[in-house]
Amino acid sequence: MCTLEKRGRVLILTLTGSGEHRLGPGLISSLRSALATARSDPTVAALVTAGEGRFFSNGLDLAWAKNSSEGISTLVRLVKPLIADLISLPMPTVAAVTGHAAAAGMMLAVAHDYVYMRGDRGVLYMSELDIGLPFPDYFMDLMQAKITDPRTLRDVTLRAKKITGTEAKERGIVDKVCQSASETVAEAIKMAEELAGRNWDKGVYASIRLSVYPKLCKSLEIPQESDEAVRKHFASRL
Amino acid sequence: MCTLEKRGNIYLLTLTGSGEHRFNPSLLSSLRAALSSLLCSSHAPNSALITCAEGKFFSNGFDQSWVRSAPPSQHRIISDLLRGLISDYLSLPMPTVCAVTGHAAAAGCALVLAHDYVVMREDRGFFYMSELDVGLKFVKYFEVFFNEKIPDNQTRRDVLLRSARVTAREAMARGIVDRAAQGIEGTIEEALRLAEEVAATVSDGSKLAEKRKLMFSETWRHVSAAGGSKL
């Protein structure tokens with residue numbers, strides 16, 4: 001479902017296989033396990049997430065939901081801590097969007113600190129409006145946190161616009177557009193290495209990320225430190 | 001530490017001396033004292049305030065050497081004083097222009113953003129939120145303030161979560177700075193021009209202050225809890 005590869009201080013998480021990398025209980029669990037590995041390895045200083053094949057991720061595994069008694073709401077419930085894992089990961093994260101990223105798959109992508117995307121094919125697409133599904137609250141919180149241009153947010157959520165890498169860069173969703181999937185991954189790794197090279201304190205990085213997205217972190221039930229704890233940390237570092 | 005002078009209807013608050021203008025209780029209290037004279041007394045309509053600095057630095061943030069020499073129970077004094085200073089700027093009954101005449105780092109950046117308008121020197125100097133590089137976390141009011149003042153995701157991420165050293169040109173492109181100018185004097189002159197322009201449009205400063213606090217209501221809620229403009 002996914003593999004982990006270490007390159008220096010960068011951990012590369014790849015959604016494997018030529019399929020749609022739909023988020024069902026199996027893949028969600030594998031991804032969370034991979035992120036736990038990243039979190040616990042002191043030699044890992046940055047994460048890159050990429051996909052094989054035509055898709056980065058096409059969203060929730062709706063086929064699984066249809067055949068299961070628990071349904072979509074279970075998947076919505078299971079993806080939430082996965083997103084929380086990314087938002088709380090104590091290191092810089094770079095998404096290498098190597099193919100289509102739709103619905104929950106687009107959420108997975110934008111939950112990263114930096115989003116690199118191929119410009120030759122593939123789209124970002126919040127399909128929910130088109131297929132008659134609601135947005136979970138935390139999806140909207142994530143989009144409001146990461147897509148701060150009002151017209152872009154409107155086009156993404158209320159128009160279900162399919163946005164290419166190039167357009168996504170122009171509109172502030174994507175940081176860098178590349179010419180192919182492999183170039184996207186290579187550039188994402190390069191960026192991750194650069195960020196890892198800044199040698200930031202992991203706890204501080206995680207804390208500042210929460211400070212940058214406080215509403216999102218509340219939505220994902222990620223606890224933020226009190227001012228008292230922050231002051232204690234400051235005193236301990238003098 | 002700082003001087004307050006008047007040029008016509010424009011007040012000029014200068015962080016004096018060639019040093020880094022780091023925030024310790026003395027400098028922060030001096031700044032608050034200078035601003036309190038503008039908060040309390042009545043003054044002519046169509047005024048404005050410019051804050052600028054002498055030397056290479058606008059402000060390089062908190063005075064770490066003061067902190068190291070102070071007992072831990074006192075550390076929060078400078079954080080609380082900065083919070084009070086921000087509440088003073090939010091309450092000021094006239095438009096405010098920051099003339100970023102030199103490097104602004106960490107808490108120094110907070111002083112820059114506390115103004116309504118920013119003119120920054122473009123031939124040298126950076127706007128640099130160094131906290132991540134130095135290993136410092138944010139207390140709540142600081143976090144709220146930066147989120148309200150820098151709403152764009154990529155800009156805020158680069159400034160806070162990448163500790164980017166931002167030049168005046170980049171800062172302008174990204175909406176943090178309004179104008180850029182050459183040299184210290186050029187920056188102050190441009191700030192004076194901008195101050196005159198905006199001062200001409202604001203005859204009732206107290207109404208401006210009300211609107212500003214409403215515009216940044218979350219910040220106001222967090223900084224005014226400290227007691228507003230008490231010294």
# chains A, B, ... in the order shown; residues from 1 in each chain; ligands from 1
>>> closest_atom_pairs(of="chain A", to="chain B", cutoff="7 Å", atoms="only C-alpha atoms", output="CSV")
residue,atom,partner,partner_atom,distance
A:Ala145,CA,B:Asn153,CA,6.9
A:Lys146,CA,B:Asn153,CA,5.7
A:Ile147,CA,B:Asn153,CA,6.8
A:Thr148,CA,B:Asp152,CA,5.6
A:Gly172,CA,B:Gln154,CA,7.0
A:Trp200,CA,B:Asp133,CA,6.2
A:Asp201,CA,B:Gly135,CA,6.2
A:Val204,CA,B:Lys137,CA,5.8
A:Tyr205,CA,B:Leu132,CA,6.6
A:Ser207,CA,B:Lys137,CA,6.4
A:Ile208,CA,B:Lys137,CA,6.1
A:Arg209,CA,B:Leu161,CA,6.4
A:Ser211,CA,B:Glu143,CA,5.6
A:Val212,CA,B:Asn147,CA,6.8
A:Asp227,CA,B:Val139,CA,5.1
A:Val230,CA,B:Lys137,CA,6.2
A:Phe234,CA,B:Leu136,CA,6.6
A:Ala235,CA,B:Pro72,CA,6.4
A:Leu238,CA,B:Arg68,CA,6.4
>>> write_last_selection(atoms="C-alpha atoms", output="compact mmCIF listing (two decimals), in the first residue's frame")
# COMPACT_ATOMS: atom_id res chain seq x y z
CA ALA A 145 -6.20 27.17 6.46
CA LYS A 146 -4.32 26.33 3.28
CA ILE A 147 -6.28 28.08 0.53
CA THR A 148 -6.47 31.65 1.72
CA GLY A 172 -1.26 29.85 -4.22
CA TRP A 200 15.40 23.10 13.27
CA ASP A 201 14.40 21.79 16.69
CA VAL A 204 9.73 23.94 18.05
CA TYR A 205 8.84 23.18 14.42
CA SER A 207 4.77 24.03 17.91
CA ILE A 208 5.16 26.80 15.34
CA ARG A 209 3.14 24.85 12.79
CA SER A 211 0.70 28.44 15.81
CA VAL A 212 0.41 28.98 12.06
CA ASP A 227 1.72 30.08 27.37
CA VAL A 230 6.01 27.91 26.20
CA PHE A 234 12.06 29.26 26.78
CA ALA A 235 13.62 29.35 30.24
CA LEU A 238 18.72 29.84 28.07
>>> select_by_dssp(residues="range 30-105 of chain B", states="strand (DSSP E or B)", output="list in words")
Ala48, Leu49, Ile50, Thr51, Cys52, Ala53, Phe57, Phe58, Ser59, Phe62, Thr96, Val97, Cys98, Ala99, Val100, His103, Ala104 and Ala105 of chain B
>>> write_last_selection(atoms="all heavy atoms", output="tab-separated table (two decimals), in the first residue's frame")
chain	number	residue	atom	x	y	z
B	48	ALA	N	-0.38	61.87	12.29
B	48	ALA	CA	0.04	60.48	12.04
B	48	ALA	C	1.31	60.23	12.84
B	48	ALA	O	1.99	61.19	13.24
B	48	ALA	CB	0.28	60.23	10.56
B	49	LEU	N	1.63	58.96	13.05
B	49	LEU	CA	2.85	58.60	13.76
B	49	LEU	C	3.73	57.76	12.84
B	49	LEU	O	3.24	56.85	12.18
B	49	LEU	CB	2.54	57.77	15.02
B	49	LEU	CG	3.78	57.13	15.67
B	49	LEU	CD1	4.48	58.12	16.59
B	49	LEU	CD2	3.40	55.89	16.46
B	50	ILE	N	5.03	58.08	12.82
B	50	ILE	CA	6.01	57.23	12.14
B	50	ILE	C	6.95	56.69	13.20
B	50	ILE	O	7.41	57.43	14.08
B	50	ILE	CB	6.83	58.04	11.11
B	50	ILE	CG1	5.93	58.57	9.99
B	50	ILE	CG2	7.93	57.16	10.50
B	50	ILE	CD1	6.65	59.50	9.03
B	51	THR	N	7.26	55.40	13.13
B	51	THR	CA	8.29	54.82	13.98
B	51	THR	C	9.46	54.45	13.09
B	51	THR	O	9.28	53.81	12.05
B	51	THR	CB	7.78	53.55	14.69
B	51	THR	OG1	6.55	53.83	15.35
B	51	THR	CG2	8.80	53.04	15.69
B	52	CYS	N	10.65	54.89	13.48
B	52	CYS	CA	11.85	54.56	12.69
B	52	CYS	C	13.00	54.28	13.64
B	52	CYS	O	12.82	54.32	14.86
B	52	CYS	CB	12.19	55.71	11.74
B	52	CYS	SG	12.67	57.22	12.61
B	53	ALA	N	14.16	53.99	13.10
B	53	ALA	CA	15.31	53.68	13.95
B	53	ALA	C	16.59	54.23	13.35
B	53	ALA	O	16.69	54.39	12.13
B	53	ALA	CB	15.43	52.17	14.13
B	57	PHE	N	20.08	48.60	12.38
B	57	PHE	CA	18.97	47.76	12.78
B	57	PHE	C	17.71	48.56	13.07
B	57	PHE	O	17.78	49.63	13.66
B	57	PHE	CB	19.33	46.98	14.05
B	57	PHE	CG	20.42	45.98	13.86
B	57	PHE	CD1	21.76	46.34	14.04
B	57	PHE	CD2	20.13	44.68	13.48
B	57	PHE	CE1	22.77	45.42	13.85
B	57	PHE	CE2	21.15	43.75	13.29
B	57	PHE	CZ	22.47	44.12	13.48
B	58	PHE	N	16.58	48.02	12.68
B	58	PHE	CA	15.32	48.58	13.14
B	58	PHE	C	15.13	48.03	14.55
B	58	PHE	O	15.15	48.77	15.52
B	58	PHE	CB	14.15	48.20	12.21
B	58	PHE	CG	12.84	48.73	12.69
B	58	PHE	CD1	12.52	50.07	12.52
B	58	PHE	CD2	11.94	47.91	13.36
B	58	PHE	CE1	11.32	50.58	13.00
B	58	PHE	CE2	10.74	48.41	13.85
B	58	PHE	CZ	10.43	49.75	13.67
B	59	SER	N	14.98	46.72	14.67
B	59	SER	CA	15.06	46.06	15.97
B	59	SER	C	15.32	44.59	15.76
B	59	SER	O	14.68	43.95	14.91
B	59	SER	CB	13.78	46.24	16.79
B	59	SER	OG	13.84	45.36	17.92
B	62	PHE	N	13.90	40.55	21.09
B	62	PHE	CA	14.07	40.58	22.54
B	62	PHE	C	15.55	40.58	22.94
B	62	PHE	O	16.39	40.01	22.24
B	62	PHE	CB	13.38	39.38	23.20
B	62	PHE	CG	11.89	39.50	23.26
B	62	PHE	CD1	11.08	38.46	22.80
B	62	PHE	CD2	11.26	40.63	23.79
B	62	PHE	CE1	9.70	38.55	22.85
B	62	PHE	CE2	9.87	40.73	23.84
B	62	PHE	CZ	9.09	39.69	23.37
B	96	THR	N	-0.68	55.02	11.64
B	96	THR	CA	0.70	54.73	12.02
B	96	THR	C	1.45	54.16	10.83
B	96	THR	O	0.94	53.31	10.10
B	96	THR	CB	0.76	53.72	13.18
B	96	THR	OG1	0.11	52.52	12.79
B	96	THR	CG2	0.06	54.27	14.42
B	97	VAL	N	2.67	54.62	10.66
B	97	VAL	CA	3.52	54.18	9.56
B	97	VAL	C	4.84	53.70	10.15
B	97	VAL	O	5.46	54.42	10.94
B	97	VAL	CB	3.81	55.32	8.55
B	97	VAL	CG1	4.69	54.81	7.40
B	97	VAL	CG2	2.52	55.92	8.03
B	98	CYS	N	5.28	52.50	9.78
B	98	CYS	CA	6.57	52.03	10.23
B	98	CYS	C	7.60	52.28	9.12
B	98	CYS	O	7.38	51.86	7.98
B	98	CYS	CB	6.54	50.54	10.57
B	98	CYS	SG	8.03	50.02	11.41
B	99	ALA	N	8.67	52.97	9.45
B	99	ALA	CA	9.77	53.16	8.51
B	99	ALA	C	10.83	52.15	8.91
B	99	ALA	O	11.59	52.36	9.85
B	99	ALA	CB	10.30	54.59	8.59
B	100	VAL	N	10.84	51.00	8.21
B	100	VAL	CA	11.78	49.93	8.55
B	100	VAL	C	13.12	50.30	7.93
B	100	VAL	O	13.41	49.95	6.78
B	100	VAL	CB	11.28	48.56	8.08
B	100	VAL	CG1	12.17	47.44	8.62
B	100	VAL	CG2	9.83	48.33	8.51
B	103	HIS	N	17.46	46.19	9.66
B	103	HIS	CA	16.99	44.81	9.90
B	103	HIS	C	15.91	44.77	10.98
B	103	HIS	O	16.03	45.41	12.01
B	103	HIS	CB	18.14	43.92	10.39
B	103	HIS	CG	19.23	43.75	9.40
B	103	HIS	ND1	19.07	43.07	8.22
B	103	HIS	CD2	20.53	44.17	9.42
B	103	HIS	CE1	20.21	43.08	7.56
B	103	HIS	NE2	21.11	43.74	8.25
B	104	ALA	N	14.90	43.96	10.69
B	104	ALA	CA	13.87	43.69	11.69
B	104	ALA	C	13.84	42.18	11.88
B	104	ALA	O	13.69	41.43	10.91
B	104	ALA	CB	12.51	44.21	11.23
B	105	ALA	N	14.01	41.75	13.11
B	105	ALA	CA	13.99	40.31	13.36
B	105	ALA	C	13.14	40.00	14.59
B	105	ALA	O	13.06	40.79	15.53
B	105	ALA	CB	15.41	39.78	13.57
>>> select_by_dssp(residues="range 41-224 of chain B", states="helix (DSSP H, G or I)", output="number ranges by chain")
B: 64-69, 72-74, 76-91, 107-113, 131-134, 140-149, 153-160, 168-173, 183-199, 205-215, 217-224
>>> residues_around(residues="range 53-63 of chain A", least_positions_apart="5", cutoff="6 Å", atoms="only C-alpha atoms", output="compact mmCIF listing (two decimals) with all heavy atoms, in the first residue's frame")
# COMPACT_ATOMS: atom_id res chain seq x y z
N SER A 18 -0.34 0.93 -9.24
CA SER A 18 -0.87 1.76 -10.33
C SER A 18 -2.33 2.15 -10.12
O SER A 18 -2.95 2.74 -10.98
CB SER A 18 -0.74 0.99 -11.64
OG SER A 18 -1.40 -0.26 -11.47
N GLU A 20 -5.70 3.76 -7.68
CA GLU A 20 -6.12 5.12 -7.31
C GLU A 20 -5.70 5.52 -5.90
O GLU A 20 -5.97 6.63 -5.47
CB GLU A 20 -7.64 5.25 -7.45
CG GLU A 20 -8.10 5.07 -8.89
CD GLU A 20 -9.59 5.38 -9.07
OE1 GLU A 20 -10.22 5.91 -8.12
OE2 GLU A 20 -10.11 5.07 -10.16
N HIS A 21 -5.04 4.60 -5.19
CA HIS A 21 -4.59 4.89 -3.81
C HIS A 21 -5.73 5.49 -3.00
O HIS A 21 -5.60 6.51 -2.34
CB HIS A 21 -3.38 5.84 -3.80
CG HIS A 21 -2.29 5.43 -4.73
ND1 HIS A 21 -1.62 6.33 -5.51
CD2 HIS A 21 -1.77 4.21 -5.03
CE1 HIS A 21 -0.72 5.69 -6.26
NE2 HIS A 21 -0.80 4.39 -5.99
N ARG A 22 -6.87 4.80 -3.07
CA ARG A 22 -8.04 5.29 -2.34
C ARG A 22 -7.85 5.00 -0.86
O ARG A 22 -7.31 3.98 -0.46
CB ARG A 22 -9.30 4.61 -2.88
CG ARG A 22 -9.71 5.25 -4.22
CD ARG A 22 -11.18 5.14 -4.46
NE ARG A 22 -11.61 5.84 -5.67
CZ ARG A 22 -12.36 6.94 -5.65
NH1 ARG A 22 -12.77 7.45 -4.50
NH2 ARG A 22 -12.73 7.52 -6.79
N LEU A 23 -8.34 5.96 -0.07
CA LEU A 23 -8.15 5.87 1.37
C LEU A 23 -9.24 5.01 2.00
O LEU A 23 -10.36 5.46 2.24
CB LEU A 23 -8.13 7.29 1.97
CG LEU A 23 -6.94 8.12 1.51
CD1 LEU A 23 -7.19 9.61 1.74
CD2 LEU A 23 -5.67 7.70 2.24
N GLY A 24 -8.87 3.74 2.21
CA GLY A 24 -9.71 2.82 2.96
C GLY A 24 -9.00 2.50 4.25
O GLY A 24 -7.88 2.99 4.48
N VAL A 97 2.93 15.84 -5.57
CA VAL A 97 1.67 15.43 -6.18
C VAL A 97 1.95 14.98 -7.60
O VAL A 97 2.04 15.78 -8.53
CB VAL A 97 0.62 16.56 -6.12
CG1 VAL A 97 -0.74 16.08 -6.64
CG2 VAL A 97 0.47 17.07 -4.68
N THR A 98 2.12 13.66 -7.73
CA THR A 98 2.58 13.02 -8.95
C THR A 98 1.44 12.63 -9.88
O THR A 98 1.67 12.10 -10.96
CB THR A 98 3.36 11.76 -8.57
OG1 THR A 98 2.63 11.10 -7.51
CG2 THR A 98 4.74 12.11 -8.04
N GLY A 99 0.19 12.86 -9.42
CA GLY A 99 -0.97 12.51 -10.23
C GLY A 99 -2.19 13.17 -9.62
O GLY A 99 -2.09 14.01 -8.73
N HIS A 100 -3.36 12.74 -10.09
CA HIS A 100 -4.60 13.34 -9.60
C HIS A 100 -4.72 13.23 -8.08
O HIS A 100 -4.42 12.19 -7.50
CB HIS A 100 -5.82 12.62 -10.20
CG HIS A 100 -5.88 12.68 -11.69
ND1 HIS A 100 -5.98 13.86 -12.39
CD2 HIS A 100 -5.87 11.68 -12.61
CE1 HIS A 100 -6.02 13.59 -13.69
NE2 HIS A 100 -5.95 12.28 -13.85
N ALA A 101 -5.17 14.33 -7.48
CA ALA A 101 -5.45 14.33 -6.05
C ALA A 101 -6.86 14.86 -5.89
O ALA A 101 -7.13 16.04 -6.14
CB ALA A 101 -4.45 15.20 -5.30
N ALA A 102 -7.78 13.96 -5.52
CA ALA A 102 -9.18 14.37 -5.45
C ALA A 102 -9.75 14.13 -4.07
O ALA A 102 -9.41 13.15 -3.39
CB ALA A 102 -10.00 13.61 -6.49
N ALA A 103 -10.64 15.04 -3.66
CA ALA A 103 -11.38 14.93 -2.39
C ALA A 103 -10.41 14.67 -1.24
O ALA A 103 -9.48 15.44 -1.03
CB ALA A 103 -12.46 13.89 -2.51
N ALA A 104 -10.61 13.56 -0.52
CA ALA A 104 -9.71 13.27 0.60
C ALA A 104 -8.26 13.17 0.15
O ALA A 104 -7.33 13.43 0.93
CB ALA A 104 -10.13 11.98 1.30
N GLY A 105 -8.05 12.80 -1.10
CA GLY A 105 -6.71 12.73 -1.67
C GLY A 105 -6.09 14.10 -1.81
O GLY A 105 -4.88 14.28 -1.62
>>> atom_distance(atom1="CA of Tyr114 in chain A", atom2="CA of Arg171 in chain A")
14.2 Å
>>> residues_around(residues="range 30-35 of chain B", least_positions_apart="5", cutoff="8 Å", atoms="only C-alpha atoms", output="list of chain:residue names")
B:Met1, B:Cys2, B:Thr3, B:Leu4, B:Leu13, B:Gly84, B:Leu85, B:Asp88, B:Tyr89, B:Leu92, B:Ser229, B:Leu231
>>> write_last_selection(atoms="C-alpha atoms", output="PDB file, in the first residue's frame")
ATOM      1  CA  MET B   1      16.438  54.766  23.968  1.00  0.00           C
ATOM      2  CA  CYS B   2      13.842  56.598  21.926  1.00  0.00           C
ATOM      3  CA  THR B   3      12.825  60.122  21.068  1.00  0.00           C
ATOM      4  CA  LEU B   4       9.495  61.585  20.034  1.00  0.00           C
ATOM      5  CA  LEU B  13       9.243  58.138  17.154  1.00  0.00           C
ATOM      6  CA  GLY B  84       1.140  46.230  25.968  1.00  0.00           C
ATOM      7  CA  LEU B  85       3.089  48.022  23.250  1.00  0.00           C
ATOM      8  CA  ASP B  88      -0.866  50.864  22.415  1.00  0.00           C
ATOM      9  CA  TYR B  89      -0.307  50.855  18.658  1.00  0.00           C
ATOM     10  CA  LEU B  92      -3.400  54.987  18.745  1.00  0.00           C
ATOM     11  CA  SER B 229      -2.209  50.943  28.003  1.00  0.00           C
ATOM     12  CA  LEU B 231       2.562  51.063  32.030  1.00  0.00           C
TER      13      LEU B 231
END
>>> closest_residue(among="A:Ala38, A:Leu129, A:Cys217, A:Ala186", to="Asp141 in chain A", atoms="only C-alpha atoms")
A:Cys217
>>> atom_distance(atom1="CA of Arg231 in chain A", atom2="CA of Ser217 in chain B")
24.7 Å
>>> residues_around(residues="Ala96 in chain A", least_positions_apart="5", cutoff="7 Å", atoms="only C-alpha atoms", output="list in words")
Val48, Thr49, Ala50, Val115, Tyr116, Met117, Thr184, Val185 and Ala188 of chain A
>>> atom_distance(atom1="CA of Ala192 in chain A", atom2="CA of Arg9 in chain A")
8.7 Å
>>> closest_residue(among="A:Pro90, A:Gly17, A:Pro214, A:Gly8", to="Thr37 in chain A", atoms="only C-alpha atoms")
A:Pro90
>>> residues_around(residues="Ser29 in chain A", least_positions_apart="4", cutoff="10 Å", atoms="only C-alpha atoms", output="number ranges by chain")
A: 1, 23-25, 33-35, 78-79, 82
